[in-house]
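Remarks on the structure that follows.
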Amino acid sequence: MNSYKENFKGELIKISTNEIVPKIMGNTLFEEYLIYLNQGGTVDYDNTIFEVFEVPEQVTAIQFIAQLSFEGITEASILEVIDTLPEPNKTIARASFLRAVYFERNNPFIPLVGMAFNKTSEQLDQIFINASKL
């Protein structure tokens, strides 16, 4: 006998095939579900809610640099990117990077890091989230 579960979004899932069952009369999967219920079947409810983390406004330099290293981005590679900037931006960015106590998510330097290392804005957000947990 088939079994079904409903996830936290209210989607009905046929466990044996992991298919989402559309709750539409006439749909074969839904008709099977109704027969299952009429034969005494029950539905398991998965109330697991995924933890949502807010993107921190800032993380410490140690957290940020450590998380970047987990992403495969080294300090040396960041300095190489900074060295491609024209003056005085290069000097300002280099000093800011090397002397930072905190890195702020809205710092204009952060999207530059993203572009240089093919990171989307969402991936940069995740880097800050992960860094805040270190």
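Chain lettering (A, B, ...) mirrors the order of the structure tokens, residue numbering begins at 1 for each chain separately, and ligand numbering begins at 1 in order of display.
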
Need to verify the contact set: Phe97 of chain A, 9 Å, only C-alpha atoms, exclusion of same-chain residues closer than 6 positions in sequence. Can you return it as a list in words? Ala61, Ile78, Leu79, Phe103 and Phe109 of chain A

Based on the selection just made, write all heavy atoms of those residues as an mmCIF file, in the first residue's frame.
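Output file selection-v6.cif is given in full below:
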```
data_model
loop_
_atom_site.group_PDB
_atom_site.id
_atom_site.type_symbol
_atom_site.label_atom_id
_atom_site.label_comp_id
_atom_site.auth_asym_id
_atom_site.auth_seq_id
_atom_site.Cartn_x
_atom_site.Cartn_y
_atom_site.Cartn_z
ATOM 1 N N ALA A 61 36.911 40.470 10.400
ATOM 2 C CA ALA A 61 37.868 40.171 9.333
ATOM 3 C C ALA A 61 38.292 38.710 9.400
ATOM 4 O O ALA A 61 38.424 38.041 8.369
ATOM 5 C CB ALA A 61 39.076 41.095 9.437
ATOM 6 N N ILE A 78 42.964 37.591 -3.465
ATOM 7 C CA ILE A 78 42.233 38.855 -3.310
ATOM 8 C C ILE A 78 43.178 40.030 -3.554
ATOM 9 O O ILE A 78 42.821 41.001 -4.238
ATOM 10 C CB ILE A 78 41.568 38.947 -1.926
ATOM 11 C CG1 ILE A 78 40.427 37.925 -1.843
ATOM 12 C CG2 ILE A 78 41.049 40.355 -1.654
ATOM 13 C CD1 ILE A 78 39.801 37.795 -0.499
ATOM 14 N N LEU A 79 44.372 39.940 -3.017
ATOM 15 C CA LEU A 79 45.349 41.017 -3.231
ATOM 16 C C LEU A 79 45.720 41.143 -4.712
ATOM 17 O O LEU A 79 45.944 42.253 -5.204
ATOM 18 C CB LEU A 79 46.581 40.806 -2.362
ATOM 19 C CG LEU A 79 46.331 41.013 -0.862
ATOM 20 C CD1 LEU A 79 47.533 40.544 -0.045
ATOM 21 C CD2 LEU A 79 45.976 42.448 -0.544
ATOM 22 N N PHE A 103 34.288 43.401 8.012
ATOM 23 C CA PHE A 103 33.896 43.555 6.615
ATOM 24 C C PHE A 103 32.393 43.721 6.598
ATOM 25 O O PHE A 103 31.662 42.906 7.167
ATOM 26 C CB PHE A 103 34.322 42.346 5.776
ATOM 27 C CG PHE A 103 35.777 42.362 5.432
ATOM 28 C CD1 PHE A 103 36.704 41.750 6.253
ATOM 29 C CD2 PHE A 103 36.217 43.024 4.292
ATOM 30 C CE1 PHE A 103 38.052 41.771 5.937
ATOM 31 C CE2 PHE A 103 37.569 43.057 3.974
ATOM 32 C CZ PHE A 103 38.488 42.434 4.801
ATOM 33 N N PHE A 109 33.565 47.093 -2.072
ATOM 34 C CA PHE A 109 34.621 46.123 -2.356
ATOM 35 C C PHE A 109 34.060 44.698 -2.483
ATOM 36 O O PHE A 109 34.587 43.885 -3.238
ATOM 37 C CB PHE A 109 35.661 46.197 -1.221
ATOM 38 C CG PHE A 109 36.696 45.118 -1.255
ATOM 39 C CD1 PHE A 109 37.706 45.136 -2.206
ATOM 40 C CD2 PHE A 109 36.679 44.087 -0.323
ATOM 41 C CE1 PHE A 109 38.669 44.136 -2.230
ATOM 42 C CE2 PHE A 109 37.634 43.093 -0.338
ATOM 43 C CZ PHE A 109 38.639 43.122 -1.300
#
```

Contacts of Ile129 of chain A within 9 Å, only C-alpha atoms, excl. fewer than 5 positions in-chain, as a PyMOL selection string: chain A and resi 53-56+59+124

Contacts of Asn7 of chain A at 7 Å or less, counting only C-alpha atoms, minus same-chain residues fewer than 3 places along, as a PyMOL selection string? chain A and resi 10-12+45-47

Among the residues of segment 73-105 of chain A, find those DSSP assigns to helix (DSSP H, G or I) from the backbone and print them as an mmCIF file with all heavy atoms, in the first residue's frame.
```cif
data_model
loop_
_atom_site.group_PDB
_atom_site.id
_atom_site.type_symbol
_atom_site.label_atom_id
_atom_site.label_comp_id
_atom_site.auth_asym_id
_atom_site.auth_seq_id
_atom_site.Cartn_x
_atom_site.Cartn_y
_atom_site.Cartn_z
ATOM 1 N N GLU A 75 43.799 34.958 0.571
ATOM 2 C CA GLU A 75 44.170 36.368 0.733
ATOM 3 C C GLU A 75 45.018 36.829 -0.443
ATOM 4 O O GLU A 75 44.836 37.928 -0.968
ATOM 5 C CB GLU A 75 44.943 36.579 2.029
ATOM 6 C CG GLU A 75 44.095 36.572 3.273
ATOM 7 C CD GLU A 75 44.908 36.925 4.503
ATOM 8 O OE1 GLU A 75 45.253 38.116 4.661
ATOM 9 O OE2 GLU A 75 45.186 36.009 5.293
ATOM 10 N N ALA A 76 45.952 35.978 -0.858
ATOM 11 C CA ALA A 76 46.842 36.329 -1.968
ATOM 12 C C ALA A 76 46.053 36.589 -3.249
ATOM 13 O O ALA A 76 46.342 37.538 -3.982
ATOM 14 C CB ALA A 76 47.867 35.223 -2.194
ATOM 15 N N SER A 77 45.035 35.754 -3.506
ATOM 16 C CA SER A 77 44.253 35.944 -4.729
ATOM 17 C C SER A 77 43.427 37.229 -4.667
ATOM 18 O O SER A 77 43.222 37.889 -5.679
ATOM 19 C CB SER A 77 43.374 34.729 -5.020
ATOM 20 O OG SER A 77 42.441 34.509 -3.988
ATOM 21 N N ILE A 78 42.964 37.591 -3.465
ATOM 22 C CA ILE A 78 42.233 38.855 -3.310
ATOM 23 C C ILE A 78 43.178 40.030 -3.554
ATOM 24 O O ILE A 78 42.821 41.001 -4.238
ATOM 25 C CB ILE A 78 41.568 38.947 -1.926
ATOM 26 C CG1 ILE A 78 40.427 37.925 -1.843
ATOM 27 C CG2 ILE A 78 41.049 40.355 -1.654
ATOM 28 C CD1 ILE A 78 39.801 37.795 -0.499
ATOM 29 N N LEU A 79 44.372 39.940 -3.017
ATOM 30 C CA LEU A 79 45.349 41.017 -3.231
ATOM 31 C C LEU A 79 45.720 41.143 -4.712
ATOM 32 O O LEU A 79 45.944 42.253 -5.204
ATOM 33 C CB LEU A 79 46.581 40.806 -2.362
ATOM 34 C CG LEU A 79 46.331 41.013 -0.862
ATOM 35 C CD1 LEU A 79 47.533 40.544 -0.045
ATOM 36 C CD2 LEU A 79 45.976 42.448 -0.544
ATOM 37 N N GLU A 80 45.750 40.032 -5.417
ATOM 38 C CA GLU A 80 46.005 40.083 -6.865
ATOM 39 C C GLU A 80 44.912 40.858 -7.584
ATOM 40 O O GLU A 80 45.184 41.647 -8.496
ATOM 41 C CB GLU A 80 46.097 38.668 -7.446
ATOM 42 C CG GLU A 80 47.368 37.938 -7.095
ATOM 43 C CD GLU A 80 47.364 36.496 -7.591
ATOM 44 O OE1 GLU A 80 46.535 36.142 -8.469
ATOM 45 O OE2 GLU A 80 48.197 35.718 -7.096
ATOM 46 N N VAL A 81 43.668 40.643 -7.168
ATOM 47 C CA VAL A 81 42.539 41.376 -7.759
ATOM 48 C C VAL A 81 42.657 42.862 -7.425
ATOM 49 O O VAL A 81 42.485 43.724 -8.298
ATOM 50 C CB VAL A 81 41.186 40.810 -7.269
ATOM 51 C CG1 VAL A 81 40.027 41.701 -7.683
ATOM 52 C CG2 VAL A 81 40.988 39.398 -7.784
ATOM 53 N N ILE A 82 42.967 43.157 -6.175
ATOM 54 C CA ILE A 82 43.115 44.556 -5.760
ATOM 55 C C ILE A 82 44.211 45.238 -6.567
ATOM 56 O O ILE A 82 44.063 46.395 -6.965
ATOM 57 C CB ILE A 82 43.396 44.647 -4.240
ATOM 58 C CG1 ILE A 82 42.140 44.251 -3.451
ATOM 59 C CG2 ILE A 82 43.876 46.034 -3.844
ATOM 60 C CD1 ILE A 82 42.350 44.105 -1.962
ATOM 61 N N ASN A 89 42.523 53.960 -6.083
ATOM 62 C CA ASN A 89 41.631 52.896 -5.598
ATOM 63 C C ASN A 89 42.405 51.673 -5.112
ATOM 64 O O ASN A 89 42.028 51.043 -4.129
ATOM 65 C CB ASN A 89 40.645 52.482 -6.692
ATOM 66 C CG ASN A 89 39.685 53.592 -7.048
ATOM 67 O OD1 ASN A 89 39.591 54.592 -6.341
ATOM 68 N ND2 ASN A 89 38.991 53.434 -8.158
ATOM 69 N N LYS A 90 43.500 51.352 -5.811
ATOM 70 C CA LYS A 90 44.303 50.188 -5.424
ATOM 71 C C LYS A 90 44.856 50.368 -4.009
ATOM 72 O O LYS A 90 44.732 49.467 -3.172
ATOM 73 C CB LYS A 90 45.440 49.967 -6.430
ATOM 74 C CG LYS A 90 46.364 48.825 -6.021
ATOM 75 C CD LYS A 90 47.329 48.416 -7.112
ATOM 76 C CE LYS A 90 48.330 49.475 -7.442
ATOM 77 N NZ LYS A 90 49.362 48.984 -8.391
ATOM 78 N N THR A 91 45.434 51.510 -3.735
ATOM 79 C CA THR A 91 46.026 51.764 -2.409
ATOM 80 C C THR A 91 44.951 51.759 -1.329
ATOM 81 O O THR A 91 45.142 51.159 -0.260
ATOM 82 C CB THR A 91 46.785 53.102 -2.413
ATOM 83 O OG1 THR A 91 47.824 53.021 -3.387
ATOM 84 C CG2 THR A 91 47.382 53.404 -1.050
ATOM 85 N N ILE A 92 43.830 52.388 -1.629
ATOM 86 C CA ILE A 92 42.726 52.445 -0.650
ATOM 87 C C ILE A 92 42.182 51.035 -0.387
ATOM 88 O O ILE A 92 41.987 50.633 0.772
ATOM 89 C CB ILE A 92 41.616 53.392 -1.138
ATOM 90 C CG1 ILE A 92 42.135 54.830 -1.187
ATOM 91 C CG2 ILE A 92 40.377 53.290 -0.253
ATOM 92 C CD1 ILE A 92 41.244 55.791 -1.946
ATOM 93 N N ALA A 93 41.939 50.282 -1.449
ATOM 94 C CA ALA A 93 41.391 48.927 -1.291
ATOM 95 C C ALA A 93 42.374 48.012 -0.570
ATOM 96 O O ALA A 93 41.991 47.229 0.304
ATOM 97 C CB ALA A 93 41.035 48.345 -2.653
ATOM 98 N N ARG A 94 43.643 48.114 -0.915
ATOM 99 C CA ARG A 94 44.675 47.286 -0.263
ATOM 100 C C ARG A 94 44.747 47.596 1.230
ATOM 101 O O ARG A 94 44.749 46.680 2.069
ATOM 102 C CB ARG A 94 46.024 47.514 -0.936
ATOM 103 C CG ARG A 94 47.144 46.662 -0.396
ATOM 104 C CD ARG A 94 48.424 46.895 -1.185
ATOM 105 N NE ARG A 94 48.639 45.900 -2.199
ATOM 106 C CZ ARG A 94 49.104 44.680 -1.948
ATOM 107 N NH1 ARG A 94 49.385 44.321 -0.720
ATOM 108 N NH2 ARG A 94 49.291 43.812 -2.902
ATOM 109 N N ALA A 95 44.793 48.880 1.576
ATOM 110 C CA ALA A 95 44.858 49.273 2.993
ATOM 111 C C ALA A 95 43.596 48.835 3.726
ATOM 112 O O ALA A 95 43.657 48.326 4.850
ATOM 113 C CB ALA A 95 45.066 50.778 3.109
ATOM 114 N N SER A 96 42.453 49.018 3.079
ATOM 115 C CA SER A 96 41.179 48.630 3.701
ATOM 116 C C SER A 96 41.129 47.126 3.957
ATOM 117 O O SER A 96 40.692 46.678 5.017
ATOM 118 C CB SER A 96 40.001 49.034 2.817
ATOM 119 O OG SER A 96 39.939 50.426 2.686
ATOM 120 N N PHE A 97 41.575 46.362 2.981
ATOM 121 C CA PHE A 97 41.542 44.911 3.126
ATOM 122 C C PHE A 97 42.513 44.437 4.199
ATOM 123 O O PHE A 97 42.158 43.637 5.065
ATOM 124 C CB PHE A 97 41.856 44.228 1.789
ATOM 125 C CG PHE A 97 41.892 42.734 1.887
ATOM 126 C CD1 PHE A 97 40.719 42.010 2.038
ATOM 127 C CD2 PHE A 97 43.090 42.045 1.842
ATOM 128 C CE1 PHE A 97 40.745 40.622 2.141
ATOM 129 C CE2 PHE A 97 43.131 40.664 1.942
ATOM 130 C CZ PHE A 97 41.952 39.957 2.090
ATOM 131 N N LEU A 98 43.722 44.936 4.164
ATOM 132 C CA LEU A 98 44.752 44.457 5.089
ATOM 133 C C LEU A 98 44.562 44.942 6.520
ATOM 134 O O LEU A 98 45.036 44.303 7.451
ATOM 135 C CB LEU A 98 46.145 44.859 4.578
ATOM 136 C CG LEU A 98 46.582 44.174 3.286
ATOM 137 C CD1 LEU A 98 47.887 44.769 2.783
ATOM 138 C CD2 LEU A 98 46.714 42.664 3.494
ATOM 139 N N ARG A 99 43.877 46.062 6.697
ATOM 140 C CA ARG A 99 43.732 46.632 8.035
ATOM 141 C C ARG A 99 42.306 46.541 8.600
ATOM 142 O O ARG A 99 42.043 47.042 9.685
ATOM 143 C CB ARG A 99 44.191 48.086 8.020
ATOM 144 C CG ARG A 99 45.687 48.223 7.788
ATOM 145 C CD ARG A 99 46.113 49.681 7.683
ATOM 146 N NE ARG A 99 47.549 49.834 7.550
ATOM 147 C CZ ARG A 99 48.217 49.712 6.404
ATOM 148 N NH1 ARG A 99 47.578 49.422 5.299
ATOM 149 N NH2 ARG A 99 49.528 49.881 6.370
#
```

Let me make sure I understand: among A:Ala116, A:Phe8, A:Lys14, A:Pro22, which one has the smallest atom-to-atom distance to Leu85 of chain A if we use only C-alpha atoms? A:Ala116

As a PyMOL selection string, which residues of segment 34-112 of chain A does DSSP assign to strand (DSSP E)? chain A and resi 43-45+58-60+102-104

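Closest to Asp125 of chain A among A:Thr42, A:Val101, A:Lys23, A:Glu57 is A:Glu57, based on only C-alpha atoms.
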
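The spacing separating atom CA of Gly72 of chain A from atom CA of Pro86 of chain A amounts to 25.6 Å.
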
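Here atom CA of Ser3 of chain A and atom CA of Glu31 of chain A stand 13.6 Å from one another.
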